[in-house]
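Asks: This one is coords_25.csv, CSV, C-alpha atoms and all ligand atoms.
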```csv
chain,number,residue,atom,x,y,z
A,1,GLY,CA,90.8,92.6,104.9
A,2,CYS,CA,93.0,93.5,107.9
A,3,PRO,CA,94.5,97.0,108.3
A,4,GLN,CA,97.9,97.5,106.8
A,5,VAL,CA,100.7,99.3,108.7
A,6,VAL,CA,103.5,100.2,106.3
A,7,ILE,CA,107.0,101.0,107.5
A,8,VAL,CA,108.7,103.8,105.6
A,9,GLY,CA,112.1,105.5,106.0
A,10,ARG,CA,115.5,105.9,104.5
A,11,PRO,CA,117.9,102.9,104.5
A,12,ASN,CA,119.5,101.9,107.8
A,13,VAL,CA,117.2,103.6,110.2
A,14,GLY,CA,116.0,100.1,111.4
A,15,LYS,CA,112.9,99.4,109.5
A,16,ARG,CA,113.5,95.7,109.3
A,17,SER,CA,114.6,95.6,112.9
A,18,LEU,CA,111.4,97.3,113.9
A,19,LEU,CA,109.3,94.7,112.1
A,20,ASN,CA,111.2,91.8,113.7
A,21,TRP,CA,111.0,93.5,117.1
A,22,LEU,CA,107.3,94.3,117.0
A,23,ALA,CA,106.6,90.8,115.6
A,24,GLY,CA,108.6,89.3,118.4
A,25,VAL,CA,110.2,86.8,116.1
A,26,ARG,CA,112.9,87.1,113.6
A,27,VAL,CA,110.8,87.4,110.5
A,28,ALA,CA,113.7,88.4,108.3
A,29,ILE,CA,117.4,88.9,108.4
A,30,VAL,CA,118.8,92.3,109.1
A,31,ASP,CA,121.7,93.2,106.9
A,32,ASP,CA,124.7,95.0,108.3
A,33,GLN,CA,126.1,95.8,104.9
A,34,PRO,CA,124.1,97.8,102.3
A,35,GLY,CA,123.6,96.5,98.8
A,36,VAL,CA,121.9,93.3,99.7
A,37,THR,CA,118.6,92.4,98.0
A,38,ARG,CA,115.8,92.0,100.5
A,39,ASP,CA,112.3,90.8,100.0
A,40,ARG,CA,109.2,92.5,101.1
A,41,VAL,CA,108.1,91.1,104.4
A,42,THR,CA,104.7,91.2,106.1
A,43,TYR,CA,103.7,89.9,109.5
A,44,LEU,CA,100.2,89.5,111.0
A,45,MET,CA,100.2,91.3,114.3
A,46,ASN,CA,97.7,90.8,117.1
A,47,HIS,CA,97.7,93.5,119.9
A,48,GLU,CA,94.9,94.3,122.3
A,49,ASP,CA,92.4,92.2,120.3
A,50,ARG,CA,93.2,94.1,117.2
A,51,PHE,CA,94.8,92.5,114.1
A,52,PHE,CA,96.9,94.4,111.6
A,53,GLU,CA,99.5,93.5,109.0
A,54,LEU,CA,102.9,95.1,109.4
A,55,VAL,CA,104.7,95.6,106.1
A,56,ASP,CA,108.3,96.4,105.3
A,57,THR,CA,109.0,96.7,101.6
A,58,GLY,CA,112.6,95.6,101.9
A,59,GLY,CA,113.4,96.2,98.3
A,60,MET,CA,116.8,96.5,96.9
A,61,GLY,CA,119.8,97.6,98.8
A,62,PHE,CA,121.2,100.9,97.8
A,63,GLN,CA,124.3,101.5,95.7
A,64,ASP,CA,123.9,105.0,94.4
A,65,MET,CA,121.5,107.9,94.7
A,66,ASP,CA,119.2,106.6,91.9
A,67,ASP,CA,118.7,103.2,93.5
A,68,LEU,CA,118.0,104.9,96.8
A,69,THR,CA,115.4,107.2,95.3
A,70,SER,CA,113.6,104.4,93.5
A,71,HIS,CA,113.7,102.4,96.7
A,72,ILE,CA,112.1,105.2,98.6
A,73,GLU,CA,109.6,105.7,95.8
A,74,GLN,CA,108.7,102.0,96.0
A,75,GLN,CA,108.0,102.3,99.7
A,76,ILE,CA,105.9,105.4,99.3
A,77,ASP,CA,103.9,104.0,96.4
A,78,LEU,CA,103.1,100.9,98.5
A,79,ALA,CA,102.1,103.1,101.4
A,80,ILE,CA,99.8,105.2,99.2
A,81,ASP,CA,98.2,102.1,97.6
A,82,SER,CA,97.6,100.0,100.7
A,83,ALA,CA,98.5,101.6,104.0
A,84,ASP,CA,95.9,102.4,106.7
A,85,LEU,CA,98.7,103.8,108.8
A,86,ILE,CA,102.3,104.7,107.9
A,87,LEU,CA,105.2,104.4,110.3
A,88,LEU,CA,107.8,107.0,109.3
A,89,VAL,CA,111.0,105.7,110.9
A,90,VAL,CA,114.1,107.9,111.6
A,91,ASP,CA,117.4,107.3,113.3
A,92,THR,CA,117.9,109.2,116.6
A,93,ARG,CA,121.6,108.4,116.7
A,94,ASP,CA,122.3,109.7,113.2
A,95,GLY,CA,119.9,112.6,113.7
A,96,MET,CA,118.1,114.3,110.9
A,97,LEU,CA,119.6,113.7,107.4
A,98,PRO,CA,118.6,115.3,104.2
A,99,LEU,CA,117.1,112.0,103.1
A,100,ASP,CA,114.8,112.0,106.1
A,101,GLN,CA,113.5,115.3,105.0
A,102,GLU,CA,113.1,114.1,101.4
A,103,VAL,CA,111.1,111.1,102.6
A,104,ALA,CA,108.9,113.4,104.7
A,105,ARG,CA,108.5,115.7,101.8
A,106,ARG,CA,107.3,112.9,99.5
A,107,LEU,CA,104.8,111.8,102.1
A,108,ARG,CA,103.3,115.3,102.3
A,109,GLN,CA,100.6,114.7,99.7
A,110,VAL,CA,99.6,111.4,101.3
A,111,GLN,CA,96.2,111.3,103.1
A,112,THR,CA,97.0,108.3,105.2
A,113,PRO,CA,97.7,108.9,108.9
A,114,ILE,CA,101.5,108.9,109.7
A,115,MET,CA,103.2,108.2,112.9
A,116,LEU,CA,106.8,109.3,113.4
A,117,VAL,CA,109.0,106.7,115.1
A,118,ALA,CA,112.4,107.7,116.4
A,119,ASN,CA,114.3,104.5,116.5
A,120,LYS,CA,117.8,103.9,118.1
A,121,ALA,CA,116.8,106.0,121.2
A,122,ASP,CA,118.8,103.4,123.1
A,123,ASP,CA,118.5,105.1,126.5
A,124,GLU,CA,117.0,108.3,128.0
A,125,SER,CA,120.0,110.4,127.0
A,126,PHE,CA,118.8,110.2,123.4
A,127,ASP,CA,115.3,111.3,124.1
A,128,THR,CA,115.9,115.1,123.8
A,129,GLN,CA,118.0,114.5,120.7
A,130,ALA,CA,114.9,113.0,119.1
A,131,ASP,CA,113.2,116.4,119.5
A,132,GLU,CA,114.8,117.7,116.3
A,133,PHE,CA,112.4,115.4,114.3
A,134,TYR,CA,109.5,117.7,115.3
A,135,ARG,CA,110.8,119.7,112.3
A,136,LEU,CA,109.4,117.0,110.0
A,137,GLY,CA,105.9,118.3,110.9
A,138,ARG,CA,104.6,114.9,111.9
A,139,GLY,CA,104.0,115.6,115.6
A,140,LYS,CA,105.7,114.0,118.5
A,141,PRO,CA,108.5,111.5,117.6
A,142,ILE,CA,107.8,108.2,119.4
A,143,ARG,CA,111.1,107.2,120.9
A,144,VAL,CA,111.9,103.5,120.7
A,145,SER,CA,114.9,101.2,120.6
A,146,THR,CA,114.6,97.8,119.0
A,147,LEU,CA,118.1,97.0,120.3
A,148,GLN,CA,117.4,98.0,123.9
A,149,ASN,CA,113.7,97.0,123.8
A,150,ARG,CA,112.4,100.5,124.7
A,151,ASN,CA,108.8,101.5,124.4
A,152,ARG,CA,107.5,98.5,122.4
A,153,ALA,CA,104.1,98.5,124.3
A,154,VAL,CA,103.8,102.3,124.0
A,155,LEU,CA,104.3,102.1,120.2
A,156,LEU,CA,101.9,99.1,119.8
A,157,ASN,CA,99.2,100.9,121.8
A,158,LEU,CA,99.5,104.0,119.7
A,159,ILE,CA,99.4,102.0,116.5
A,160,VAL,CA,96.2,100.2,117.6
A,161,GLU,CA,94.6,103.6,118.5
A,162,GLU,CA,95.3,104.9,115.0
A,163,LEU,CA,93.8,101.9,113.1
A,164,PRO,CA,90.5,102.4,111.4
A,165,PRO,CA,87.5,101.2,113.4
A,166,GLN,CA,87.2,97.4,113.5
A,167,GLN,CA,84.5,95.6,111.5
A,168,ASP,CA,83.1,92.7,113.4
A,169,ASP,CA,83.1,90.4,110.4
A,170,VAL,CA,86.8,90.9,109.9
A,171,ALA,CA,87.5,90.1,113.5
A,172,ALA,CA,85.5,86.9,113.3
A,173,GLU,CA,87.5,85.7,110.3
A,174,THR,CA,91.0,86.4,111.7
A,175,ASP,CA,91.4,83.9,114.5
A,176,ASP,CA,94.8,83.2,115.9
A,177,PRO,CA,96.7,81.2,113.3
A,178,GLU,CA,97.4,77.7,114.6
A,179,MET,CA,100.4,77.3,112.4
A,180,LYS,CA,102.2,78.8,109.5
A,181,VAL,CA,102.7,76.9,106.3
A,182,ALA,CA,105.4,77.8,103.9
A,183,ILE,CA,105.1,76.6,100.3
A,184,VAL,CA,108.5,75.8,98.7
A,185,GLY,CA,109.7,74.3,95.5
A,186,ARG,CA,111.1,75.2,92.2
B,201,LIG,P1,116.6,99.3,107.5
B,201,LIG,O1,117.6,99.4,106.4
B,201,LIG,O2,115.9,100.5,107.8
B,201,LIG,O3,115.7,98.1,107.4
B,201,LIG,O4,117.5,99.0,108.8
B,201,LIG,P2,117.9,97.6,109.6
B,201,LIG,O5,116.8,97.1,110.3
B,201,LIG,O6,118.6,96.7,108.5
B,201,LIG,O7,119.0,98.1,110.6
B,201,LIG,C1,120.1,98.9,110.2
B,201,LIG,C2,121.2,98.8,111.3
B,201,LIG,O8,120.7,99.5,112.5
B,201,LIG,C3,121.5,97.4,111.8
B,201,LIG,O9,122.9,97.3,111.9
B,201,LIG,C4,120.7,97.3,113.1
B,201,LIG,O10,121.4,96.3,114.0
B,201,LIG,C5,120.8,98.7,113.6
B,201,LIG,N1,119.7,99.0,114.6
B,201,LIG,C6,118.4,98.7,114.4
B,201,LIG,N2,117.7,99.2,115.5
B,201,LIG,C7,118.6,99.7,116.4
B,201,LIG,C8,118.5,100.4,117.7
B,201,LIG,O11,117.4,100.5,118.3
B,201,LIG,N3,119.6,100.8,118.2
B,201,LIG,C9,120.8,100.7,117.6
B,201,LIG,N4,121.9,101.3,118.2
B,201,LIG,N5,121.0,100.1,116.4
B,201,LIG,C10,119.9,99.6,115.8
```
So that I can check it, write out the structure of this file as structure tokens.
Ligand code: GDP

Replies:
Amino acid sequence: GCPQVVIVGRPNVGKRSLLNWLAGVRVAIVDDQPGVTRDRVTYLMNHEDRFFELVDTGGMGFQDMDDLTSHIEQQIDLAIDSADLILLVVDTRDGMLPLDQEVARRLRQVQTPIMLVANKADDESFDTQADEFYRLGRGKPIRVSTLQNRNRAVLLNLIVEELPPQQDDVAAETDDPEMKVAIVGR
């Protein structure tokens, strides 16, 4: 089907915010307090005539180190299973935390292309701060801010460039959806 772009990163770096921001709609609620259960969310994106599915695993909130580790393992398992591209998200304001390095370490064996996204670069003054993430060994951190709407088009263009080559039959099948239908009930 359509290429999968899976968002990975430690809690609170802005993964869910990134999904909502790129989608351009509020697909899901962003929690300010940790410990809240969140569902996996996907959104069908269309940029420069390319379709891809953006995925945030959501998962459980984190209470202790064990939950946290299993949450990150969940994300990485999903990325290994289904991703055509992984967005490794970090928080420029917090800077590098041991958990960022742990996530990067766990991704080391993964063959899928990875793009490093330095979120919360709310203005230019944060851009040099983001340089420290070069140490993760994933190339140039792409500075964005979901809050200040910085570099959305830059990021989308880079994502589309990294997608696997398009198959014509897939393109023909995935026309713009006319509407979205939610099925509800007990
Ligand atoms: P997740 O746990 O990685 O999914 O992170 P969330 O999307 O829930 O965001 C965690 C917190 O970071 C929330 O309070 C967001 O409002 C905040 N946040 C997200 N993006 C930005 C940003 O670009 N700049 C700043 N300053 N805060 C942000």

Asks: Can you tell me, as a list of chain:residue names, what residues are no more than 12 Å from Arg105 in chain A when counting all atoms listed in the file, ignoring any on the same chain fewer than 2 positions away?

Replies: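 Selected residues are A:Gly9, A:Ile72, A:Glu73, A:Ile76, A:Leu88, A:Pro98, A:Leu99, A:Asp100, A:Gln101, A:Glu102, A:Val103, A:Leu107, A:Arg108, A:Gln109, A:Val110, A:Arg135, A:Leu136, A:Gly137, A:Arg138.
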
Asks: Which residues are near ligand LIG 201 (chain B) in this structure, taking near to mean any atom at most 6 Å from a ligand atom and counting all atoms listed in the file? Format them as a PyMOL selection string.

Replies: chain A and resi 11-17+30-32+119-120+122+145-147

Asks: From the set A:Thr92, A:Lys140, A:Leu97, A:Arg10, which residue has the shortest atom-to-atom contact distance to Ile114 in chain A, counting only C-alpha atoms?

Replies: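 Checking each of A:Thr92, A:Lys140, A:Leu97, A:Arg10 against Ile114 in chain A, counting only C-alpha atoms, the winner is A:Lys140.
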
Asks: Using all atoms listed in the file, which residues of range 75-124 of chain A come within 12 Å of range 48-58 of chain A, and what is the closest atom pair for each, with the distance in Å to one decimal? Give it as JSON lines, sorted by chain and residue number.

Replies:
```
{"residue": "A:Gln75", "atom": "CA", "partner": "A:Thr57", "partner_atom": "CA", "distance": 6.0}
{"residue": "A:Ile76", "atom": "CA", "partner": "A:Thr57", "partner_atom": "CA", "distance": 9.5}
{"residue": "A:Asp77", "atom": "CA", "partner": "A:Thr57", "partner_atom": "CA", "distance": 10.3}
{"residue": "A:Leu78", "atom": "CA", "partner": "A:Thr57", "partner_atom": "CA", "distance": 7.9}
{"residue": "A:Ala79", "atom": "CA", "partner": "A:Val55", "partner_atom": "CA", "distance": 9.2}
{"residue": "A:Ser82", "atom": "CA", "partner": "A:Val55", "partner_atom": "CA", "distance": 9.9}
{"residue": "A:Ala83", "atom": "CA", "partner": "A:Val55", "partner_atom": "CA", "distance": 8.9}
{"residue": "A:Asp84", "atom": "CA", "partner": "A:Phe52", "partner_atom": "CA", "distance": 9.4}
{"residue": "A:Leu85", "atom": "CA", "partner": "A:Leu54", "partner_atom": "CA", "distance": 9.7}
{"residue": "A:Ile86", "atom": "CA", "partner": "A:Val55", "partner_atom": "CA", "distance": 9.6}
{"residue": "A:Leu87", "atom": "CA", "partner": "A:Leu54", "partner_atom": "CA", "distance": 9.6}
{"residue": "A:Leu88", "atom": "CA", "partner": "A:Asp56", "partner_atom": "CA", "distance": 11.3}
{"residue": "A:Val89", "atom": "CA", "partner": "A:Asp56", "partner_atom": "CA", "distance": 11.2}
```

Asks: By how many Å are CA of Thr69 in chain A and CA of Val144 in chain A apart?

Replies: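 CA of Val144 in chain A lies at a distance of 25.9 Å from CA of Thr69 in chain A.
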
Asks: Given the point (115.5, 110.1, 126.7) in the file's coordinates, find the residues that have an atom at most 12 Å from it, counting all atoms listed in the file, and give them as a list in words.

Replies: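 Every residue inside that radius is included here: Thr92, Arg93, Ala118, Asn119, Lys120, Ala121, Asp122, Asp123, Glu124, Ser125, Phe126, Asp127, Thr128, Gln129, Ala130, Asp131, Pro141, Ile142, Arg143, Val144, Ser145, Arg150 and Asn151 of chain A.
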
Asks: Calculated over only C-alpha atoms, which of the candidates A:Cys2, A:Met96, A:Ile80, A:Val117 has the smallest distance to Arg152 in chain A?

Replies: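 The answer is A:Val117, which sits nearest to Arg152 in chain A.
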